[in-house]
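Trainee: My structure is below; once you've seen it, I'll send some questions.
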Amino acid sequence: MRLRVLGCSGGIGGDRRTTSLALDHDVLIDAGSGVGNLSLEEMSHIRHIFITHSHLDHIAFIPMLLDSIFDVISTPIIIHGQAVTLAALRAHIFNNVIWPDFSVLPTADNPVFRYEEMAVGDVVEIDGRRISMLPVIHSVPAVGYYVESDAGAFAFSGDTSVNDILWSALNERPRLDFIIVETAFEDKDEALGKLAKHYTPQVLARDLKKLQHHPKIYITHNKPGVESIIAEECRQHIQGYDLNFLSGGETIAL
Ligand SMILES: [Zn+2]
Ligand SMILES: [Zn+2]
């Protein structure tokens with residue numbers, strides 16, 4: 001498996017792109033502005049998009065991705081997500097006001113994309129990669145994903161804050177080589193983190209004690225402009241781990 005980081009910032013500005021991870025050549029996990037880093041040719045190979053939640057920084061480029069490649073794909077792209085997340089896309093994005101309803105265009109029988117509901121714990125297998133949905137806690141219904149193949153396993157938290165459910169779900173899995181976990185805010189913004197349901201370095205460090213695996217850690221989704229403060233605070237609080245900071249453009253191989 002090869003995971004390419006298309007976007008991993010909590011915002012935009014300069015070369016920052018919002019969350020999107022490309023798993024091999026055909027699967028996206030979230031589709032924020034990082035999707036714009038793909039060439040047209042690369043976009044045309046995308047067959048599945050797994051969405052963590054409905055916030056714009058994670059879905060903003062789905063409409064433009066579809067519009068850029070609709071005439072070169074022959075089978076629908078499948079958008080996977082919780083029912084409530086897909087309902088939000090239907091109501092607020094593909095509603096023929098913000099964007100055309102590509103789930104019935106050009107024809108209802110062979111549209112550009114189709115929705116596929118998934119619930120926490122469900123597993124979708126695509127060419128030897130098993131992708132399952134993980135529970136998390138965020139300000140809107142949200143999930144993370146666990147991806148495993150014969151080569152190894154990793155997890156992506158999506159957006160989350162303090163919780164027990166993500167960590168116990170991971171503890172039930174046999175293997176965890178690395179985890180990509182969000183840390184949106186610096187320690188001084190803990191109150192804001194509580195409100196917006198995002199981690200700060202200290203809060204994440206406390207939650208990591210619930211994890212029984214000892215994976216390599218990649219921090220993601222930093223607030224733009226304070227990345228170096230968040231990194232320094234993570235180094236202070238999270239010790240004894242192989243700690244890394246995800247950067248746009250990097251590729252992680254398993
Ligand atoms: Zn969010
Ligand atoms: Zn986000």
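Each chain in the structure tokens gets a letter, A, B, ..., in the order shown, and its residues are numbered from 1; ligands are numbered from 1 in order too.
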Quick one: contact table of chain A to ligand 2, 9 Å max, nearest atom pair and distance in Å to one decimal per residue, counting only C-alpha atoms and all ligand atoms, chain and number order, as a Markdown table?

Mentor:
| residue | atom | partner | partner_atom_place_in_ligand_line | distance |
| --- | --- | --- | --- | --- |
| A:Ser9 | CA | ligand 2 | 1 (Zn) | 8.4 |
| A:Gly10 | CA | ligand 2 | 1 (Zn) | 6.0 |
| A:Gly11 | CA | ligand 2 | 1 (Zn) | 8.3 |
| A:Thr18 | CA | ligand 2 | 1 (Zn) | 7.7 |
| A:Thr19 | CA | ligand 2 | 1 (Zn) | 7.0 |
| A:Gly32 | CA | ligand 2 | 1 (Zn) | 8.9 |
| A:His53 | CA | ligand 2 | 1 (Zn) | 8.4 |
| A:His55 | CA | ligand 2 | 1 (Zn) | 6.3 |
| A:Leu56 | CA | ligand 2 | 1 (Zn) | 7.6 |
| A:Asp57 | CA | ligand 2 | 1 (Zn) | 5.3 |
| A:His58 | CA | ligand 2 | 1 (Zn) | 6.0 |
| A:Gly158 | CA | ligand 2 | 1 (Zn) | 7.2 |
| A:Asp159 | CA | ligand 2 | 1 (Zn) | 5.5 |
| A:Thr160 | CA | ligand 2 | 1 (Zn) | 8.8 |
| A:Glu182 | CA | ligand 2 | 1 (Zn) | 8.6 |
| A:Ala184 | CA | ligand 2 | 1 (Zn) | 8.2 |
| A:His198 | CA | ligand 2 | 1 (Zn) | 8.7 |
| A:His221 | CA | ligand 2 | 1 (Zn) | 6.7 |

Trainee: Would you mind exporting the chosen residues as a short mmCIF file (atom, residue, chain, number, x, y, z; two decimals), in the first residue's frame, restricted to N, CA, C and O atoms?

Mentor:
data_model
loop_
_atom_site.label_atom_id
_atom_site.label_comp_id
_atom_site.auth_asym_id
_atom_site.auth_seq_id
_atom_site.Cartn_x
_atom_site.Cartn_y
_atom_site.Cartn_z
N SER A 9 -3.43 20.08 5.93
CA SER A 9 -3.47 21.29 6.76
C SER A 9 -4.90 21.51 7.26
O SER A 9 -5.87 21.07 6.65
N GLY A 10 -4.99 22.23 8.36
CA GLY A 10 -6.30 22.65 8.83
C GLY A 10 -6.85 23.81 8.04
O GLY A 10 -7.98 24.24 8.28
N GLY A 11 -6.08 24.33 7.10
CA GLY A 11 -6.56 25.47 6.31
C GLY A 11 -5.75 25.65 5.04
O GLY A 11 -5.07 24.73 4.60
N THR A 18 -6.05 21.42 2.24
CA THR A 18 -6.82 20.73 3.28
C THR A 18 -6.91 19.23 2.97
O THR A 18 -6.61 18.77 1.87
N THR A 19 -7.41 18.52 3.97
CA THR A 19 -7.25 17.07 4.07
C THR A 19 -7.68 16.26 2.85
O THR A 19 -8.83 16.30 2.42
N GLY A 32 -10.48 17.21 0.43
CA GLY A 32 -10.33 18.65 0.58
C GLY A 32 -9.51 19.21 -0.56
O GLY A 32 -9.33 18.57 -1.61
N HIS A 53 -16.31 13.08 7.31
CA HIS A 53 -17.45 13.87 7.80
C HIS A 53 -17.75 14.99 6.81
O HIS A 53 -17.06 15.16 5.80
N HIS A 55 -17.70 18.30 6.96
CA HIS A 55 -17.08 19.64 6.96
C HIS A 55 -16.36 19.92 5.65
O HIS A 55 -15.72 19.05 5.06
N LEU A 56 -16.45 21.20 5.24
CA LEU A 56 -16.00 21.61 3.92
C LEU A 56 -14.53 21.31 3.66
O LEU A 56 -14.15 20.98 2.54
N ASP A 57 -13.68 21.43 4.69
CA ASP A 57 -12.25 21.20 4.45
C ASP A 57 -11.95 19.74 4.08
O ASP A 57 -10.86 19.43 3.64
N HIS A 58 -12.95 18.85 4.22
CA HIS A 58 -12.77 17.44 3.89
C HIS A 58 -13.53 17.02 2.62
O HIS A 58 -13.33 15.92 2.13
N GLY A 158 -9.34 11.22 11.01
CA GLY A 158 -10.23 12.31 10.62
C GLY A 158 -10.17 13.39 11.67
O GLY A 158 -9.15 13.56 12.34
N ASP A 159 -11.26 14.12 11.86
CA ASP A 159 -11.31 15.15 12.91
C ASP A 159 -11.93 14.54 14.16
O ASP A 159 -13.00 13.95 14.12
N THR A 160 -11.27 14.74 15.29
CA THR A 160 -11.80 14.19 16.53
C THR A 160 -11.24 14.96 17.72
O THR A 160 -10.30 15.72 17.60
N GLU A 182 -5.20 13.82 14.15
CA GLU A 182 -5.27 15.28 14.10
C GLU A 182 -4.83 15.95 15.40
O GLU A 182 -5.02 15.39 16.49
N ALA A 184 -5.41 19.89 15.92
CA ALA A 184 -5.76 21.12 15.21
C ALA A 184 -5.20 22.36 15.90
O ALA A 184 -4.78 23.30 15.24
N HIS A 198 -11.74 19.35 18.65
CA HIS A 198 -10.44 19.02 18.04
C HIS A 198 -9.44 18.78 19.17
O HIS A 198 -9.59 19.30 20.27
N HIS A 221 -3.54 18.11 10.34
CA HIS A 221 -4.65 19.05 10.50
C HIS A 221 -4.34 20.19 11.48
O HIS A 221 -5.18 20.61 12.27
#

Trainee: Ala155 in chain A: which residues within 8 Å, counting only C-alpha atoms, same-chain residues fewer than 6 positions away excluded, as a JSON list (two decimals) with C-alpha atoms, in the first residue's frame?

Mentor:
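Written file, part13.json:
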[["chain", "number", "residue", "atom", "x", "y", "z"],
["A", 144, "GLY", "CA", -12.03, 7.67, 11.02],
["A", 145, "TYR", "CA", -10.82, 4.80, 8.86],
["A", 146, "TYR", "CA", -8.66, 1.74, 9.48],
["A", 147, "VAL", "CA", -6.94, 0.30, 6.44],
["A", 176, "LEU", "CA", -1.41, -0.85, 13.82],
["A", 178, "PHE", "CA", 1.03, 3.88, 11.95],
["A", 179, "ILE", "CA", -1.71, 6.32, 12.85],
["A", 180, "ILE", "CA", -2.43, 9.70, 11.32]]

Trainee: How far is it from CA of Ala22 in chain A to CA of Arg4 in chain A, in Å with one decimal?

Mentor: 5.0 Å

Trainee: Find the residues around Tyr218 in chain A up to 12 Å (only C-alpha atoms counted), leave out those fewer than 6 positions away in its own chain, and share them as a list in words.

Mentor: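 The residues that qualify are Val5, Cys8, Phe154, Ala155, Phe156, Ser157, Asp177, Phe178, Ile179, Ile180, Val181, Glu182, Thr183, Ala231, Cys234, Arg235, Ile238, Tyr241, Asp242, Leu243, Asn244, Phe245, Leu246, Ser247, Glu250 and Ile252 of chain A.
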
Trainee: Please, could you write that set of residues out with C-alpha atoms as a compact mmCIF listing (two decimals), in the first residue's frame?

Mentor:
# COMPACT_ATOMS: atom_id res chain seq x y z
CA VAL A 5 -0.60 12.99 1.28
CA CYS A 8 -3.00 17.72 5.54
CA PHE A 154 -2.82 2.08 9.51
CA ALA A 155 -5.52 4.33 10.91
CA PHE A 156 -6.63 7.86 10.11
CA SER A 157 -8.55 9.72 12.80
CA ASP A 177 1.78 0.19 12.03
CA PHE A 178 1.03 3.88 11.95
CA ILE A 179 -1.71 6.32 12.85
CA ILE A 180 -2.43 9.70 11.32
CA VAL A 181 -4.11 11.73 14.04
CA GLU A 182 -5.27 15.28 14.10
CA THR A 183 -4.00 18.00 16.40
CA ALA A 231 4.94 20.51 16.76
CA CYS A 234 3.60 17.58 20.67
CA ARG A 235 7.31 16.81 21.17
CA ILE A 238 4.11 12.81 23.41
CA TYR A 241 6.76 7.30 20.25
CA ASP A 242 8.19 7.64 16.76
CA LEU A 243 6.56 11.06 16.33
CA ASN A 244 6.21 12.65 12.89
CA PHE A 245 4.42 15.61 11.37
CA LEU A 246 2.56 14.89 8.19
CA SER A 247 3.54 17.09 5.27
CA GLU A 250 4.88 13.02 1.18
CA ILE A 252 4.09 6.66 3.18

Trainee: With range 71-77 of chain A as the partner and 7 Å as the cut-off, tabulate the residues of range 106-218 of chain A that qualify, each row holding the nearest pair of atoms and their distance in Å to one decimal, using only C-alpha atoms, sorted by chain and rising number, as a Markdown table.

Mentor:
| residue | atom | partner | partner_atom | distance |
| --- | --- | --- | --- | --- |
| A:Asn110 | CA | A:Pro76 | CA | 6.6 |
| A:Pro111 | CA | A:Pro76 | CA | 5.7 |
| A:Val112 | CA | A:Pro76 | CA | 4.8 |
| A:Phe113 | CA | A:Pro76 | CA | 4.3 |
| A:Arg114 | CA | A:Pro76 | CA | 6.2 |
